[in-house]
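J.: Before we start, here is the structure in question, set down as structure tokens.
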Amino acid sequence: MTITLRVNGRDHTVEADPATPLLYVLRGDLQLNGAKFGCGLGQCGACTVLVDGKAVLSCILPAAAVRGREVTTVEGLGTAETPGPLQQAFEAEQAAQCGYCIAGMIVRAQALLSANSAPTDAEIRAHMQPNLCRCGTHMRILKAIRRAAGLQPQPSRPGA
Ligand code: FES
Ligand code: FES
């Protein structure tokens, strides 16, 4: 069936089964390859995008479910030439190792900062909990989010 999606401020029309995961449409039809296929089961966060400003897992969300809603991918948060605040902060903190999780991390962090421009450490950790980084760069990711929020890095706690 024909599905019209609004992604990063532009309308797109695709032919797809309505049950097709949004992630497949973004990557396969719209060539927006920022969101990644990690587990495909809603368990890793690599595929995170924003729908109406909320972080969602696009691997388990049918494309038809976002008709009439605003989808934002990491490509909508800045470009290589003009990176957004979170993208700048992730680069400044060298938060990526392999980079596979990073688009999802940035998108989920955007949802937090849009709702709460000065989150506490605990709020950042709780919000980011669904997104996994197999390279273990979590501490640098947290620093990058603090940087983007304009917060001073806080001393790490024993066992953190
Ligand atoms: S690929 Fe979607 S949660 Fe893992
Ligand atoms: S940087 Fe490799 S999975 Fe996070």
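Quick note on naming: the chains in the structure tokens go A, B, ... in the order shown, residues restart at 1 in each chain, and ligands are numbered from 1 in order of appearance.
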From region 38-158 of chain A, collect each residue whose DSSP state is alpha helix (DSSP H) and return the set as a PyMOL selection string.

T.: chain A and resi 85-92+102-115+121-128+138-148

J.: Name the residues, by chain letter and number, that sit within 6 Å of ligand 1 using only C-alpha atoms and all ligand atoms, and give them as a PyMOL selection string.

T.: chain A and resi 37-47+57-59

J.: Write out as an MDAnalysis selection string all residues of region 43-160 of chain A that DSSP puts in strand (DSSP E) for this structure's backbone.

T.: chainID A and resid 48:51 54:57 70:72

J.: Could you dump the residues just selected with C-alpha atoms as a CSV table (one decimal), in the first residue's frame?

T.:
```
chain,number,residue,atom,x,y,z
A,48,THR,CA,16.2,4.8,17.7
A,49,VAL,CA,14.4,7.7,16.0
A,50,LEU,CA,12.1,10.4,17.2
A,51,VAL,CA,8.4,10.3,16.6
A,54,LYS,CA,9.7,10.9,21.6
A,55,ALA,CA,12.4,8.2,21.3
A,56,VAL,CA,11.1,5.1,19.6
A,57,LEU,CA,12.6,1.8,18.4
A,70,GLU,CA,6.7,13.8,12.7
A,71,VAL,CA,9.7,11.4,12.4
A,72,THR,CA,13.2,12.7,13.0
```

J.: With distances taken over only C-alpha atoms and all ligand atoms, which residue among A:Val107, A:Ala96, A:Ala126, A:Leu113 lies nearest ligand 2?

T.: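 Smallest distance to ligand 2 is found for A:Ala96.
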
J.: To check your reading of the model: which residues sit at most 9 Å from ligand 2 when counting only C-alpha atoms and all ligand atoms? Write the answer as a list in words.

T.: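 These are the residues that qualify: Ala46, Ala95, Ala96, Gln97, Cys98, Gly99, Tyr100, Cys101, Ile102, Met105, Leu132, Cys133, Arg134, Cys135, Gly136, Thr137, His138 and Ile141 of chain A.
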
J.: What separation in Å, quoted to one decimal, exists between CA of Glu123 (chain A) and CA of Arg69 (chain A)?

T.: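 Taking CA of Glu123 (chain A) as the start and CA of Arg69 (chain A) as the end point, the length is 26.5 Å.
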
J.: Please list as number ranges by chain every residue within 10 Å of Ala92 (chain A), counting only C-alpha atoms and excluding residues in the same chain fewer than 2 positions away.

T.: A: 86-90, 94-95, 140, 143-144, 147-148

J.: Neighbouring residues of Val74 (chain A) were defined as those with any atom within 6 Å, considering only C-alpha atoms; residues of the same chain fewer than 3 positions away were excluded. Please report them as a list in words.

T.: Gly34, Leu77, Ala103 and Val107 of chain A

J.: Can you tell me which residues surround Asp11 (chain A) at a distance of at most 10 Å, considering only C-alpha atoms, apart from same-chain residues fewer than 6 positions away, and format the answer as a PyMOL selection string?

T.: chain A and resi 4-5+68+70

J.: Compile the contact shell of Ala115 (chain A) as a PDB file with all heavy atoms, in the first residue's frame: residues with an atom at most 12 Å away, counting only C-alpha atoms, same-chain residues fewer than 4 positions apart removed.

T.:
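In the end it all went to out-v7.pdb:
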```
ATOM      1  N   ASP A  52       7.284  12.401  16.881  1.00  0.00           N
ATOM      2  CA  ASP A  52       6.690  13.501  17.646  1.00  0.00           C
ATOM      3  C   ASP A  52       7.535  13.817  18.888  1.00  0.00           C
ATOM      4  O   ASP A  52       7.007  14.077  19.982  1.00  0.00           O
ATOM      5  CB  ASP A  52       5.245  13.187  18.041  1.00  0.00           C
ATOM      6  CG  ASP A  52       4.319  13.118  16.832  1.00  0.00           C
ATOM      7  OD1 ASP A  52       4.686  13.677  15.774  1.00  0.00           O
ATOM      8  OD2 ASP A  52       3.253  12.493  16.935  1.00  0.00           O
ATOM      9  N   GLY A  53       8.844  13.757  18.699  1.00  0.00           N
ATOM     10  CA  GLY A  53       9.772  14.155  19.762  1.00  0.00           C
ATOM     11  C   GLY A  53      10.110  13.076  20.774  1.00  0.00           C
ATOM     12  O   GLY A  53      10.971  13.288  21.632  1.00  0.00           O
ATOM     13  N   LYS A  54       9.437  11.948  20.698  1.00  0.00           N
ATOM     14  CA  LYS A  54       9.687  10.851  21.646  1.00  0.00           C
ATOM     15  C   LYS A  54      10.592   9.806  21.001  1.00  0.00           C
ATOM     16  O   LYS A  54      10.433   9.477  19.821  1.00  0.00           O
ATOM     17  CB  LYS A  54       8.373  10.178  22.054  1.00  0.00           C
ATOM     18  CG  LYS A  54       7.384  11.109  22.762  1.00  0.00           C
ATOM     19  CD  LYS A  54       7.676  11.161  24.244  1.00  0.00           C
ATOM     20  CE  LYS A  54       6.587  11.793  25.072  1.00  0.00           C
ATOM     21  NZ  LYS A  54       6.105  13.086  24.618  1.00  0.00           N
ATOM     22  N   ALA A  55      11.520   9.260  21.772  1.00  0.00           N
ATOM     23  CA  ALA A  55      12.410   8.225  21.255  1.00  0.00           C
ATOM     24  C   ALA A  55      11.628   6.920  21.099  1.00  0.00           C
ATOM     25  O   ALA A  55      10.959   6.472  22.030  1.00  0.00           O
ATOM     26  CB  ALA A  55      13.576   8.027  22.211  1.00  0.00           C
ATOM     27  N   ARG A 108      18.254   9.417  21.078  1.00  0.00           N
ATOM     28  CA  ARG A 108      17.594   9.270  22.382  1.00  0.00           C
ATOM     29  C   ARG A 108      17.954  10.446  23.296  1.00  0.00           C
ATOM     30  O   ARG A 108      17.103  10.966  24.020  1.00  0.00           O
ATOM     31  CB  ARG A 108      17.952   7.944  23.053  1.00  0.00           C
ATOM     32  CG  ARG A 108      17.207   7.747  24.387  1.00  0.00           C
ATOM     33  CD  ARG A 108      17.346   6.362  24.947  1.00  0.00           C
ATOM     34  NE  ARG A 108      16.751   5.354  24.093  1.00  0.00           N
ATOM     35  CZ  ARG A 108      15.451   5.069  24.027  1.00  0.00           C
ATOM     36  NH1 ARG A 108      14.591   5.725  24.803  1.00  0.00           N
ATOM     37  NH2 ARG A 108      15.001   4.151  23.220  1.00  0.00           N
ATOM     38  N   ALA A 109      19.211  10.875  23.248  1.00  0.00           N
ATOM     39  CA  ALA A 109      19.610  12.016  24.081  1.00  0.00           C
ATOM     40  C   ALA A 109      18.859  13.280  23.669  1.00  0.00           C
ATOM     41  O   ALA A 109      18.512  14.104  24.528  1.00  0.00           O
ATOM     42  CB  ALA A 109      21.118  12.226  23.971  1.00  0.00           C
ATOM     43  N   GLN A 110      18.597  13.422  22.381  1.00  0.00           N
ATOM     44  CA  GLN A 110      17.857  14.602  21.921  1.00  0.00           C
ATOM     45  C   GLN A 110      16.462  14.642  22.548  1.00  0.00           C
ATOM     46  O   GLN A 110      15.979  15.720  22.938  1.00  0.00           O
ATOM     47  CB  GLN A 110      17.745  14.597  20.400  1.00  0.00           C
ATOM     48  CG  GLN A 110      17.025  15.818  19.837  1.00  0.00           C
ATOM     49  CD  GLN A 110      17.809  17.097  20.103  1.00  0.00           C
ATOM     50  OE1 GLN A 110      18.972  17.192  19.698  1.00  0.00           O
ATOM     51  NE2 GLN A 110      17.188  18.062  20.771  1.00  0.00           N
ATOM     52  N   ALA A 111      15.835  13.488  22.621  1.00  0.00           N
ATOM     53  CA  ALA A 111      14.501  13.446  23.230  1.00  0.00           C
ATOM     54  C   ALA A 111      14.559  13.945  24.668  1.00  0.00           C
ATOM     55  O   ALA A 111      13.675  14.676  25.133  1.00  0.00           O
ATOM     56  CB  ALA A 111      13.952  12.018  23.185  1.00  0.00           C
ATOM     57  N   PRO A 119      19.301  18.096  32.566  1.00  0.00           N
ATOM     58  CA  PRO A 119      19.044  16.852  33.305  1.00  0.00           C
ATOM     59  C   PRO A 119      20.148  16.562  34.319  1.00  0.00           C
ATOM     60  O   PRO A 119      21.301  16.944  34.124  1.00  0.00           O
ATOM     61  CB  PRO A 119      19.035  15.787  32.207  1.00  0.00           C
ATOM     62  CG  PRO A 119      19.912  16.345  31.135  1.00  0.00           C
ATOM     63  CD  PRO A 119      19.710  17.839  31.184  1.00  0.00           C
ATOM     64  N   GLU A 123      19.050  11.376  35.821  1.00  0.00           N
ATOM     65  CA  GLU A 123      18.044  11.451  34.755  1.00  0.00           C
ATOM     66  C   GLU A 123      18.639  11.022  33.420  1.00  0.00           C
ATOM     67  O   GLU A 123      17.984  10.348  32.621  1.00  0.00           O
ATOM     68  CB  GLU A 123      17.488  12.881  34.673  1.00  0.00           C
ATOM     69  CG  GLU A 123      16.570  13.216  35.844  1.00  0.00           C
ATOM     70  CD  GLU A 123      16.194  14.693  35.928  1.00  0.00           C
ATOM     71  OE1 GLU A 123      16.985  15.555  35.456  1.00  0.00           O
ATOM     72  OE2 GLU A 123      15.119  14.987  36.473  1.00  0.00           O
ATOM     73  N   ILE A 124      19.883  11.427  33.160  1.00  0.00           N
ATOM     74  CA  ILE A 124      20.537  11.015  31.912  1.00  0.00           C
ATOM     75  C   ILE A 124      20.676   9.501  31.888  1.00  0.00           C
ATOM     76  O   ILE A 124      20.328   8.837  30.900  1.00  0.00           O
ATOM     77  CB  ILE A 124      21.909  11.693  31.762  1.00  0.00           C
ATOM     78  CG1 ILE A 124      21.757  13.203  31.613  1.00  0.00           C
ATOM     79  CG2 ILE A 124      22.645  11.120  30.547  1.00  0.00           C
ATOM     80  CD1 ILE A 124      23.095  13.963  31.643  1.00  0.00           C
ATOM     81  N   HIS A 127      17.314   7.770  31.414  1.00  0.00           N
ATOM     82  CA  HIS A 127      16.750   7.961  30.083  1.00  0.00           C
ATOM     83  C   HIS A 127      17.487   7.146  29.034  1.00  0.00           C
ATOM     84  O   HIS A 127      16.868   6.615  28.102  1.00  0.00           O
ATOM     85  CB  HIS A 127      16.816   9.453  29.718  1.00  0.00           C
ATOM     86  CG  HIS A 127      16.270   9.755  28.365  1.00  0.00           C
ATOM     87  ND1 HIS A 127      14.927   9.964  28.126  1.00  0.00           N
ATOM     88  CD2 HIS A 127      16.878   9.849  27.152  1.00  0.00           C
ATOM     89  CE1 HIS A 127      14.735  10.178  26.841  1.00  0.00           C
ATOM     90  NE2 HIS A 127      15.903  10.113  26.234  1.00  0.00           N
ATOM     91  N   ALA A 149      24.292  19.500  27.067  1.00  0.00           N
ATOM     92  CA  ALA A 149      23.328  20.175  27.941  1.00  0.00           C
ATOM     93  C   ALA A 149      23.941  21.402  28.608  1.00  0.00           C
ATOM     94  O   ALA A 149      23.265  22.122  29.332  1.00  0.00           O
ATOM     95  CB  ALA A 149      22.828  19.197  29.004  1.00  0.00           C
TER      96      ALA A 149
END
```

J.: Pick out the closest residue to Ala64 (chain A) from this set: A:Gln129, A:Thr20, A:Thr82, A:Gln31. Count only C-alpha atoms.

T.: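 Closest to Ala64 (chain A) of all the choices is A:Thr20.
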